[in-house]
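K.L.:
This is the content of upload_15.cif (mmCIF, C-alpha atoms and all ligand atoms):
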```cif
data_work
#
loop_
_atom_site.label_atom_id
_atom_site.label_comp_id
_atom_site.auth_asym_id
_atom_site.auth_seq_id
_atom_site.Cartn_x
_atom_site.Cartn_y
_atom_site.Cartn_z
CA MET A 1 -44.80 6.90 -24.35
CA VAL A 2 -41.70 4.81 -23.73
CA ARG A 3 -41.05 1.81 -25.95
CA ASN A 4 -41.21 -1.03 -23.54
CA GLU A 5 -39.82 -3.90 -25.49
CA LEU A 6 -38.08 -6.25 -23.09
CA ARG A 7 -35.84 -9.14 -23.89
CA TYR A 8 -33.57 -11.70 -22.30
CA TYR A 9 -29.85 -11.88 -22.86
CA GLY A 10 -27.76 -15.00 -22.74
CA VAL A 11 -28.74 -18.59 -22.16
CA GLY A 12 -29.88 -20.68 -19.21
CA VAL A 13 -32.29 -18.06 -17.97
CA CYS A 14 -33.35 -19.72 -14.77
CA ALA A 15 -31.46 -22.04 -12.50
CA THR A 16 -34.06 -22.03 -9.72
CA THR A 17 -36.56 -24.17 -11.55
CA ASN A 18 -38.42 -25.75 -8.67
CA MET A 19 -39.35 -22.53 -6.90
CA THR A 20 -40.42 -19.01 -7.76
CA LYS A 21 -37.69 -17.43 -9.81
CA ARG A 22 -35.97 -14.59 -8.03
CA VAL A 23 -34.90 -11.20 -9.29
CA LEU A 24 -32.51 -8.74 -7.67
CA SER A 25 -31.38 -5.30 -8.70
CA GLY A 26 -29.92 -2.20 -7.11
CA ILE A 27 -28.96 1.39 -7.75
CA ARG A 28 -26.22 3.36 -6.02
CA ALA A 29 -26.97 6.45 -3.95
CA ASN A 30 -24.51 8.80 -5.64
CA GLY A 31 -27.15 11.20 -6.93
CA ARG A 32 -30.75 11.51 -7.98
CA LEU A 33 -32.05 8.98 -10.47
CA HIS A 34 -31.85 9.98 -14.14
CA LEU A 35 -33.47 8.75 -17.34
CA GLY A 36 -30.67 6.20 -17.85
CA ASN A 37 -31.37 4.58 -14.48
CA TYR A 38 -35.08 4.70 -15.14
CA LEU A 39 -35.12 3.29 -18.67
CA GLY A 40 -32.17 0.91 -18.26
CA ALA A 41 -32.98 -0.50 -14.84
CA VAL A 42 -36.22 0.67 -13.18
CA LYS A 43 -38.40 -0.15 -16.23
CA GLY A 44 -37.14 -3.73 -16.13
CA MET A 45 -37.59 -3.87 -12.35
CA LEU A 46 -41.21 -2.78 -12.80
CA ALA A 47 -41.91 -5.30 -15.56
CA LEU A 48 -40.64 -8.20 -13.44
CA GLN A 49 -42.45 -6.95 -10.34
CA GLU A 50 -45.71 -7.22 -12.28
CA ASP A 51 -44.97 -10.79 -13.42
CA PRO A 52 -46.29 -13.20 -10.76
CA SER A 53 -43.73 -15.86 -11.68
CA TYR A 54 -40.98 -13.73 -10.12
CA GLU A 55 -40.14 -12.81 -6.55
CA THR A 56 -38.45 -9.41 -6.74
CA PHE A 57 -35.81 -7.87 -4.45
CA TYR A 58 -34.79 -4.27 -5.08
CA MET A 59 -32.20 -2.48 -3.00
CA VAL A 60 -30.33 0.76 -2.64
CA ALA A 61 -26.67 -0.17 -3.13
CA ASP A 62 -25.37 2.14 -0.39
CA LEU A 63 -22.21 0.09 0.21
CA HIS A 64 -21.39 0.38 -3.48
CA SER A 65 -21.67 4.17 -3.20
CA ILE A 66 -18.95 4.79 -0.60
CA ASN A 67 -15.93 3.59 -2.58
CA VAL A 68 -15.64 7.01 -4.24
CA PRO A 69 -15.44 10.36 -2.40
CA TYR A 70 -18.87 11.11 -0.83
CA ASN A 71 -20.40 13.19 1.92
CA PRO A 72 -21.39 11.12 5.02
CA GLU A 73 -23.42 14.05 6.36
CA ASN A 74 -26.06 13.95 3.66
CA PHE A 75 -25.66 10.30 2.76
CA GLN A 76 -28.75 9.10 4.65
CA ALA A 77 -30.80 11.64 2.70
CA ALA A 78 -29.23 10.45 -0.57
CA VAL A 79 -30.11 6.83 0.25
CA ARG A 80 -33.68 7.76 1.13
CA ASP A 81 -33.92 9.73 -2.13
CA VAL A 82 -33.32 6.55 -4.09
CA VAL A 83 -36.07 4.79 -2.11
CA LEU A 84 -38.40 7.72 -2.85
CA ASP A 85 -37.48 7.55 -6.54
CA TYR A 86 -38.13 3.77 -6.52
CA LEU A 87 -41.53 4.12 -4.89
CA SER A 88 -42.62 7.05 -7.01
CA ALA A 89 -41.57 5.21 -10.18
CA GLY A 90 -43.94 2.41 -9.18
CA LEU A 91 -41.98 -0.11 -7.13
CA ASP A 92 -44.58 -1.54 -4.80
CA PRO A 93 -43.69 -2.89 -1.34
CA GLU A 94 -46.70 -5.22 -1.57
CA LYS A 95 -45.10 -6.91 -4.57
CA SER A 96 -41.35 -6.32 -4.15
CA THR A 97 -38.98 -6.42 -1.19
CA ILE A 98 -37.45 -2.94 -1.12
CA PHE A 99 -34.42 -2.57 1.14
CA ILE A 100 -31.08 -0.94 1.82
CA GLN A 101 -28.02 -3.08 1.15
CA SER A 102 -26.06 -2.23 4.33
CA GLN A 103 -29.06 -3.22 6.48
CA VAL A 104 -28.54 -6.80 5.32
CA PRO A 105 -25.00 -7.54 6.56
CA GLN A 106 -25.15 -11.01 5.00
CA HIS A 107 -24.17 -9.40 1.67
CA VAL A 108 -20.79 -8.39 3.06
CA GLU A 109 -20.30 -11.74 4.77
CA LEU A 110 -21.05 -13.61 1.56
CA SER A 111 -18.81 -11.33 -0.49
CA TYR A 112 -15.84 -12.27 1.67
CA LEU A 113 -16.60 -15.96 1.24
CA PHE A 114 -16.93 -15.49 -2.53
CA SER A 115 -13.70 -13.51 -2.75
CA THR A 116 -11.82 -16.73 -2.03
CA VAL A 117 -12.64 -18.05 -5.53
CA ILE A 118 -11.84 -14.87 -7.52
CA THR A 119 -8.34 -13.61 -8.32
CA VAL A 120 -7.09 -10.06 -7.77
CA ALA A 121 -5.91 -9.97 -11.42
CA ARG A 122 -9.45 -10.74 -12.66
CA MET A 123 -10.81 -7.76 -10.70
CA GLN A 124 -8.03 -5.41 -11.82
CA HIS A 125 -8.77 -6.11 -15.47
CA LEU A 126 -12.44 -5.16 -15.35
CA PRO A 127 -13.23 -2.09 -17.49
CA THR A 128 -15.30 -0.56 -14.67
CA PHE A 129 -12.35 -0.82 -12.26
CA LYS A 130 -9.97 0.70 -14.82
CA GLU A 131 -12.38 3.61 -15.38
CA LYS A 132 -12.53 4.34 -11.65
CA VAL A 133 -8.73 4.21 -11.40
CA LYS A 134 -8.61 6.80 -14.19
CA SER A 135 -11.27 9.07 -12.63
CA TYR A 136 -10.01 8.83 -9.05
CA PRO A 137 -6.26 8.04 -9.21
CA GLU A 138 -5.87 9.21 -5.60
CA ASN A 139 -8.59 6.88 -4.39
CA VAL A 140 -7.88 3.37 -5.66
CA ASN A 141 -9.16 1.64 -2.56
CA MET A 142 -9.84 -2.02 -1.74
CA ALA A 143 -13.60 -1.47 -1.92
CA LEU A 144 -13.30 -0.61 -5.62
CA LEU A 145 -11.57 -3.91 -6.25
CA TYR A 146 -14.23 -5.69 -4.22
CA TYR A 147 -17.09 -4.00 -6.08
CA PRO A 148 -18.04 -6.90 -8.42
CA VAL A 149 -17.64 -9.53 -5.68
CA LEU A 150 -20.05 -7.62 -3.45
CA MET A 151 -22.40 -7.31 -6.41
CA ALA A 152 -22.20 -11.08 -6.96
CA ALA A 153 -23.05 -11.52 -3.29
CA ASP A 154 -26.01 -9.11 -3.62
CA ILE A 155 -27.44 -11.26 -6.39
CA LEU A 156 -26.54 -14.74 -5.18
CA ALA A 157 -27.65 -14.10 -1.59
CA TYR A 158 -31.17 -14.35 -3.08
CA LYS A 159 -30.22 -16.98 -5.68
CA ALA A 160 -31.55 -14.50 -8.20
CA SER A 161 -31.45 -15.71 -11.80
CA LEU A 162 -32.50 -12.45 -13.44
CA VAL A 163 -31.01 -8.99 -12.94
CA PRO A 164 -32.69 -5.97 -14.55
CA VAL A 165 -29.78 -3.59 -15.26
CA GLY A 166 -28.37 -1.52 -18.10
CA ILE A 167 -25.80 -2.90 -20.53
CA ASP A 168 -22.92 -1.24 -18.63
CA GLN A 169 -23.39 -3.80 -15.83
CA GLU A 170 -22.74 -6.81 -18.08
CA PRO A 171 -19.05 -7.20 -17.04
CA HIS A 172 -20.20 -7.34 -13.40
CA LEU A 173 -22.79 -9.98 -14.21
CA GLU A 174 -20.09 -12.02 -15.88
CA VAL A 175 -18.21 -11.99 -12.57
CA ALA A 176 -21.37 -13.06 -10.72
CA ARG A 177 -21.76 -16.00 -13.13
CA GLU A 178 -18.12 -16.90 -12.63
CA VAL A 179 -18.50 -16.81 -8.84
CA ALA A 180 -21.59 -19.03 -9.05
CA GLN A 181 -19.83 -21.50 -11.35
CA LYS A 182 -16.75 -21.71 -9.17
CA MET A 183 -18.70 -22.04 -5.92
CA ASN A 184 -20.85 -24.75 -7.52
CA ASP A 185 -17.84 -26.65 -8.92
CA ARG A 186 -15.76 -26.38 -5.79
CA TYR A 187 -18.40 -26.88 -3.11
CA GLY A 188 -21.27 -28.66 -4.87
CA LEU A 189 -23.66 -25.73 -4.46
CA ASN A 190 -26.49 -25.03 -6.89
CA LEU A 191 -26.27 -21.25 -7.32
CA PRO A 192 -27.90 -19.87 -10.48
CA GLU A 193 -25.78 -18.12 -13.10
CA PRO A 194 -27.64 -14.81 -13.25
CA GLN A 195 -28.60 -13.26 -16.58
CA ARG A 196 -29.33 -9.66 -17.44
CA PHE A 197 -32.92 -8.64 -18.09
CA ALA A 198 -32.65 -5.94 -20.73
CA THR A 199 -34.98 -3.12 -21.73
CA SER A 200 -35.04 -1.05 -24.91
CA GLY A 201 -33.39 1.70 -22.81
CA GLU A 202 -30.42 -0.50 -21.86
CA TYR A 203 -28.08 2.25 -23.08
CA VAL A 204 -29.32 5.82 -22.76
CA PRO A 205 -26.84 8.26 -24.30
CA SER A 206 -25.54 11.42 -22.66
CA LEU A 207 -27.02 14.80 -23.54
CA THR A 208 -23.48 15.93 -24.26
CA GLY A 209 -23.41 13.56 -27.24
CA GLU A 210 -20.46 11.67 -25.76
CA GLY A 211 -20.85 8.35 -23.95
CA LYS A 212 -23.75 7.32 -21.75
CA MET A 213 -25.96 9.39 -19.50
CA ALA A 214 -24.28 9.34 -16.08
CA LYS A 215 -24.70 10.91 -12.65
CA SER A 216 -21.05 11.87 -12.54
CA VAL A 217 -20.91 13.77 -15.86
CA GLU A 218 -22.03 17.40 -15.69
CA GLY A 219 -24.77 18.25 -18.19
CA SER A 220 -25.26 14.64 -19.27
CA ALA A 221 -28.53 13.74 -17.56
CA ILE A 222 -32.22 14.47 -17.21
CA LEU A 223 -33.36 13.68 -13.67
CA LEU A 224 -36.67 12.04 -12.78
CA THR A 225 -37.44 15.13 -10.71
CA ASP A 226 -36.80 17.68 -13.48
CA SER A 227 -39.57 20.13 -14.41
CA LEU A 228 -40.65 20.62 -18.03
CA GLU A 229 -38.71 23.89 -18.05
CA THR A 230 -35.51 22.18 -16.85
CA ILE A 231 -35.92 19.37 -19.37
CA ARG A 232 -36.29 21.96 -22.15
CA GLU A 233 -33.19 23.79 -20.95
CA ARG A 234 -31.16 20.60 -20.75
CA LEU A 235 -32.22 19.49 -24.22
CA ALA A 236 -31.49 22.95 -25.62
CA ARG A 237 -27.81 22.34 -24.82
CA VAL A 238 -27.57 19.12 -26.84
CA PRO A 239 -25.09 19.91 -29.63
CA THR A 240 -26.58 19.59 -33.13
CA ASP A 241 -25.61 20.25 -36.74
CA SER A 242 -27.31 21.98 -39.70
CA GLY A 243 -30.11 19.37 -39.61
CA LYS A 244 -29.30 17.98 -43.00
CA GLY A 245 -26.73 15.65 -44.49
CA GLU A 246 -25.99 12.63 -46.65
CA SER A 247 -26.31 10.09 -43.88
CA VAL A 248 -27.79 10.16 -40.37
CA PRO A 249 -25.08 10.59 -37.68
CA ILE A 250 -24.52 7.49 -35.55
CA GLU A 251 -22.73 9.35 -32.76
CA GLY A 252 -22.76 12.80 -31.15
CA GLY A 253 -25.64 15.03 -30.10
CA VAL A 254 -27.87 14.32 -33.10
CA ALA A 255 -27.56 10.55 -32.54
CA SER A 256 -28.51 11.13 -28.86
CA LEU A 257 -31.58 13.13 -29.89
CA LEU A 258 -32.64 10.39 -32.28
CA LYS A 259 -32.25 7.81 -29.51
CA PHE A 260 -34.52 9.91 -27.26
CA ALA A 261 -36.96 10.17 -30.16
CA GLU A 262 -36.90 6.37 -30.47
CA LEU A 263 -37.47 5.90 -26.74
CA PHE A 264 -40.15 8.54 -26.26
CA LEU A 265 -41.76 9.16 -29.66
CA GLY A 266 -41.63 5.71 -31.21
CA ASP A 267 -40.14 4.01 -34.23
CA THR A 268 -42.42 5.60 -36.83
CA ARG A 269 -41.40 9.10 -35.80
CA VAL A 270 -37.69 8.16 -35.82
CA HIS A 271 -38.07 6.74 -39.30
CA GLU A 272 -39.65 10.03 -40.41
CA LEU A 273 -36.87 12.07 -38.80
CA LYS A 274 -34.14 10.00 -40.44
CA GLU A 275 -35.82 10.51 -43.78
CA GLN A 276 -36.04 14.26 -43.13
CA TYR A 277 -32.34 14.42 -42.30
CA THR A 278 -31.38 13.32 -45.80
CA THR A 279 -34.12 15.33 -47.57
CA SER A 280 -35.87 18.45 -46.23
CA GLY A 281 -33.82 18.66 -43.01
CA ILE A 282 -34.69 18.48 -39.30
CA ARG A 283 -35.67 21.58 -37.31
CA TYR A 284 -33.99 20.81 -34.00
CA GLY A 285 -35.83 23.50 -32.03
CA ASP A 286 -39.15 21.83 -32.79
CA LEU A 287 -37.79 18.33 -32.27
CA LYS A 288 -36.29 19.22 -28.89
CA ALA A 289 -39.61 20.74 -27.78
CA GLU A 290 -41.48 17.62 -28.90
CA ILE A 291 -39.07 15.31 -27.03
CA ALA A 292 -39.20 17.50 -23.89
CA GLU A 293 -43.02 17.25 -23.82
CA ALA A 294 -42.93 13.47 -24.25
CA ILE A 295 -40.33 12.99 -21.52
CA PHE A 296 -42.25 15.20 -19.12
CA ALA A 297 -45.52 13.36 -19.84
CA GLU A 298 -43.77 10.18 -18.62
CA LEU A 299 -42.20 11.85 -15.58
CA LYS A 300 -45.16 13.92 -14.37
CA PRO A 301 -47.09 11.10 -12.63
CA ILE A 302 -43.82 9.92 -11.02
CA GLN A 303 -43.24 13.43 -9.67
CA GLN A 304 -46.80 13.64 -8.36
CA ARG A 305 -46.39 10.36 -6.46
CA ARG A 306 -43.10 11.62 -5.07
CA THR A 307 -44.69 14.75 -3.64
CA ALA A 308 -47.29 12.60 -1.88
CA LEU A 309 -44.62 10.26 -0.49
CA GLU A 310 -42.45 13.11 0.75
CA ALA A 311 -45.35 14.09 2.99
CA ASP A 312 -45.47 10.59 4.51
CA ILE A 313 -41.87 9.79 5.43
CA GLU A 314 -42.99 7.47 8.26
CA LYS A 315 -44.55 5.20 5.68
CA VAL A 316 -41.28 5.19 3.73
CA ASP A 317 -39.34 4.31 6.90
CA ARG A 318 -41.74 1.43 7.58
CA ILE A 319 -41.24 0.08 4.07
CA ILE A 320 -37.45 0.20 4.51
CA LEU A 321 -37.61 -1.56 7.90
CA GLU A 322 -39.91 -4.32 6.68
CA GLY A 323 -37.85 -4.76 3.51
CA ALA A 324 -34.64 -5.29 5.51
CA GLY A 325 -36.36 -7.93 7.65
CA LYS A 326 -37.63 -9.88 4.65
CA ALA A 327 -34.30 -9.63 2.81
CA ARG A 328 -32.27 -10.75 5.87
CA LYS A 329 -34.43 -13.84 6.21
CA VAL A 330 -33.63 -15.03 2.70
CA ALA A 331 -29.98 -13.89 2.62
CA SER A 332 -29.14 -15.51 5.98
CA GLN A 333 -30.32 -18.91 4.70
CA THR A 334 -27.89 -18.64 1.80
CA VAL A 335 -25.05 -17.63 4.11
CA VAL A 336 -25.68 -20.68 6.32
CA GLU A 337 -25.78 -22.94 3.26
CA VAL A 338 -22.51 -21.51 1.90
CA LYS A 339 -20.74 -21.61 5.28
CA LYS A 340 -21.74 -25.25 5.76
CA VAL A 341 -20.30 -26.42 2.43
CA MET A 342 -17.16 -24.36 3.05
CA GLY A 343 -16.61 -26.12 6.37
CA LEU A 344 -17.30 -23.04 8.47
CA LEU A 345 -20.31 -24.55 10.22
P1 LIG A 401 -25.64 2.41 -11.01
O1 LIG A 401 -26.07 3.05 -9.76
O2 LIG A 401 -24.44 2.91 -11.70
O3 LIG A 401 -26.81 2.43 -12.06
C1 LIG A 401 -28.06 1.93 -11.72
C2 LIG A 401 -28.72 1.26 -12.90
O4 LIG A 401 -28.94 2.19 -13.94
C3 LIG A 401 -28.38 1.67 -15.15
N1 LIG A 401 -27.87 2.79 -15.95
C4 LIG A 401 -28.15 2.96 -17.24
N2 LIG A 401 -28.91 2.26 -18.10
C5 LIG A 401 -29.02 2.73 -19.37
N3 LIG A 401 -28.40 3.86 -19.78
C6 LIG A 401 -27.64 4.60 -18.97
N4 LIG A 401 -27.06 5.71 -19.38
C7 LIG A 401 -27.48 4.16 -17.62
N5 LIG A 401 -26.81 4.65 -16.54
C8 LIG A 401 -27.06 3.79 -15.53
C9 LIG A 401 -27.26 0.76 -14.72
O5 LIG A 401 -26.97 -0.18 -15.72
C10 LIG A 401 -27.87 0.14 -13.49
O6 LIG A 401 -28.74 -0.91 -13.86
N6 LIG A 401 -23.35 -1.85 -9.83
C11 LIG A 401 -24.67 -1.25 -9.91
C12 LIG A 401 -25.45 -1.27 -8.62
C13 LIG A 401 -25.58 -2.63 -8.02
C14 LIG A 401 -26.34 -3.70 -8.53
C15 LIG A 401 -26.13 -4.78 -7.60
C16 LIG A 401 -27.15 -3.85 -9.62
C17 LIG A 401 -24.95 -3.05 -6.89
N7 LIG A 401 -25.29 -4.36 -6.62
C18 LIG A 401 -26.74 -6.02 -7.80
C19 LIG A 401 -27.76 -5.10 -9.82
C20 LIG A 401 -27.55 -6.16 -8.92
C21 LIG A 401 -24.47 0.22 -10.34
O7 LIG A 401 -23.45 0.78 -10.17
O8 LIG A 401 -25.55 0.82 -10.80
#
```
Let me see the file written as C-alpha cells.
P.N.:
Amino acid sequence: MVRNELRYYGVGVCATTNMTKRVLSGIRANGRLHLGNYLGAVKGMLALQEDPSYETFYMVADLHSINVPYNPENFQAAVRDVVLDYLSAGLDPEKSTIFIQSQVPQHVELSYLFSTVITVARMQHLPTFKEKVKSYPENVNMALLYYPVLMAADILAYKASLVPVGIDQEPHLEVAREVAQKMNDRYGLNLPEPQRFATSGEYVPSLTGEGKMAKSVEGSAILLTDSLETIRERLARVPTDSGKGESVPIEGGVASLLKFAELFLGDTRVHELKEQYTTSGIRYGDLKAEIAEAIFAELKPIQQRRTALEADIEKVDRIILEGAGKARKVASQTVVEVKKVMGLL
C-alpha cells in the first residue's frame, strides 16, 4: 500500500479559471522507470487523470533526453518503454493525452520564442545545469542550457497550471513561472504560472543511502519491472548499522529504509520501527523482506498489464499517433497566439 497523500505547493493554483484546468507532465527516456519516477510523478499524474476537473497531457520528454550521451540506435525502443511504463502504471488514453514530445514540434518553436525573455546567466545558475556540467564536463552543450526553457514551453504550450513532478523539478518550474510572467508583462498574454502537484513520494531516496533514487546512479533504484527476487537483492545491498542507537538516523541507508517503510508500510509501522531503534533494535533482514513484499505487491499488477501491452504493440502505436494529433491541436493554438502578440503574424 502506498501512502497517497497529495497536496498543492505554492499559491495561485489555477490561472485558467474559465475553462477546464490543464495538467502537463513528462518523463525522460534515459532508462526504465523507477520507484522515484513512479511515486514522485506517475502517482500524481494518475490522481489528476482521475479528477474530471482536469484535462491531462502526459508526454515522453525525448528531446530532453538527448542532451547527454545516448544511443540513437535503441532510442526509439527506450521512448516506447516509457509509454509502456505509463500505460501499465494506469495512464489511460481515454482520459489523458499521451504523446511523445518531439512529435509536437510546437514545443521547440515556442521554446525559441520564450528564450527571448530569459537570460543566459539565469540558466547557467540553475542547480540542475551545474550538476550536468559536473557530470559531463566534456558535453556542456546548448541543449543543456535550453533545458528549462523547453520545459517551460512543454507546460505553457497547453497553458497547464498544474505539473505533477518530484521536488527536484521545482527550480525548473520556477523558470516556467518566470517565463509566463515575463511573456504576460511584455506581451499582454494570460499564461498561467504553473505550480507543482506534489505526492508523498516527492523525494524517494537512493538505495545507496546517498541522495535521491536516480536512473544514472548505479545501484540506486528499484525499477517498475523488477521481480520480487531482484527487489530483495537490491534491498539487501542497502547499507545499515547495528539496528540500535540513541536516535534514529536522518540520513544514510537506514533513513532510506525508513522512508520506504513510510511509503509502503504506513505511518504506524514507521512509528513502531523508530521506537524499536531506540529500544529493542531493528532486525534489518526481516524489515527488508517486509518492504520487498510490499513494493512487489504494488508493482505486480503493473507488470501484468505491461506483459499484456507488449503483446499488442499496434495498440500502443495507435495511442502514440492519436496523442500527438490531439497535443498538436492544442499546442499550435498557443504558438499562433504567442506569435501574434510578438508581431510574427
Ligand atoms: P526525469 O525524467 O528526471 O524524472 C521524471 C519524474 O520523476 C521524478 N523523480 C523523482 N521523484 C521523487 N523521487 C525521486 N528520486 C525521483 N527521481 C525522479 C521527477 O521529479 C520527475 O517528475 N525535466 C523532467 C522531464 C520534463 C518535464 C517537462 C516534466 C520535461 N518537460 C514538463 C514536467 C513538465 C525530468 O527530467 O524528469
K.L.:
Show me, as an MDAnalysis selection string, the residues that have an atom within 12 Å of A:Ile295 when counting all atoms listed in the file, minus same-chain residues fewer than 2 positions from it.
P.N.:
chainID A and resid 1:2 34:35 38:39 222:232 234:235 260:265 288:293 297:302
K.L.:
Could you list, as an MDAnalysis selection string, all residues that come within 7 Å of ligand LIG 401 (chain A)? Count all atoms listed in the file.
P.N.:
chainID A and resid 24:29 36:41 61 64 150:152 154:155 163:169 201:206 212:214
K.L.:
Point out the residue among A:Ala198, A:Ile98, A:Leu87, A:Leu173 with the least atom-to-atom distance to A:Glu322, counting all atoms listed in the file.
P.N.:
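For A:Glu322, the nearest of the candidates is A:Ile98.
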K.L.:
If I take atom CA of A:Ala221 and atom CA of A:Ile320, how far is one from the other in Å, to one decimal?
P.N.:
27.4 Å
K.L.:
Hey, can you check how far atom CA of A:Ala294 sits from atom CA of A:Val217?
P.N.:
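Separation of atom CA of A:Ala294 and atom CA of A:Val217: 23.6 Å.
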K.L.:
Write out as a list in words each polymer residue whose atoms come within 10 Å of A:Arg186, counting only C-alpha atoms; drop sequence neighbours fewer than 5 positions from it.
P.N.:
Val117, Ala180, Gln181, Val341 and Met342 of chain A
K.L.:
I need the residues from that last selection saved to file as a PDB file, keeping the file's coordinate frame (with C-alpha atoms), if you can.
P.N.:
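Output file selection_7.pdb is given in full below:
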```
ATOM      1  CA  VAL A 117     -12.640 -18.050  -5.530  1.00  0.00           C
ATOM      2  CA  ALA A 180     -21.590 -19.030  -9.050  1.00  0.00           C
ATOM      3  CA  GLN A 181     -19.830 -21.500 -11.350  1.00  0.00           C
ATOM      4  CA  VAL A 341     -20.300 -26.420   2.430  1.00  0.00           C
ATOM      5  CA  MET A 342     -17.160 -24.360   3.050  1.00  0.00           C
TER       6      MET A 342
END
```
K.L.:
Residues of stretch 59-115 of chain A that have any atom at most 10 Å from an atom of stretch 143-149 of chain A: could you tabulate them with the shortest-distance atom pair and the distance in Å to one decimal, using all atoms listed in the file, ordered by chain and increasing number, as a Markdown table?
P.N.:
```
| residue | atom | partner | partner_atom | distance |
| --- | --- | --- | --- | --- |
| A:Leu63 | CA | A:Ala143 | CA | 9.0 |
| A:His64 | CA | A:Tyr147 | CA | 6.7 |
| A:Ser65 | CA | A:Tyr147 | CA | 9.8 |
| A:Ile66 | CA | A:Ala143 | CA | 8.3 |
| A:Asn67 | CA | A:Ala143 | CA | 5.6 |
| A:Val68 | CA | A:Leu144 | CA | 8.1 |
| A:His107 | CA | A:Val149 | CA | 9.8 |
| A:Val108 | CA | A:Val149 | CA | 9.4 |
| A:Leu110 | CA | A:Val149 | CA | 9.0 |
| A:Ser111 | CA | A:Val149 | CA | 5.6 |
| A:Tyr112 | CA | A:Val149 | CA | 8.0 |
| A:Leu113 | CA | A:Val149 | CA | 9.5 |
| A:Phe114 | CA | A:Val149 | CA | 6.8 |
| A:Ser115 | CA | A:Val149 | CA | 6.3 |
```
K.L.:
Just checking: using only C-alpha atoms, which residue out of A:Met123, A:Leu189, A:Val60, A:Leu91 ends up closest to A:His172?
P.N.:
A:Met123
K.L.:
Point out the residue among A:Lys244, A:Lys21, A:Arg237, A:Arg306 with the least atom-to-atom distance to A:Val82, counting only C-alpha atoms.
P.N.:
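Going through A:Lys244, A:Lys21, A:Arg237, A:Arg306 one by one, the smallest distance to A:Val82 is for A:Arg306.
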K.L.:
Please, what distance in Å, to one decimal, runs between atom CA of A:Lys339 and atom CA of A:Lys326?
P.N.:
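So the answer is 20.6 Å.
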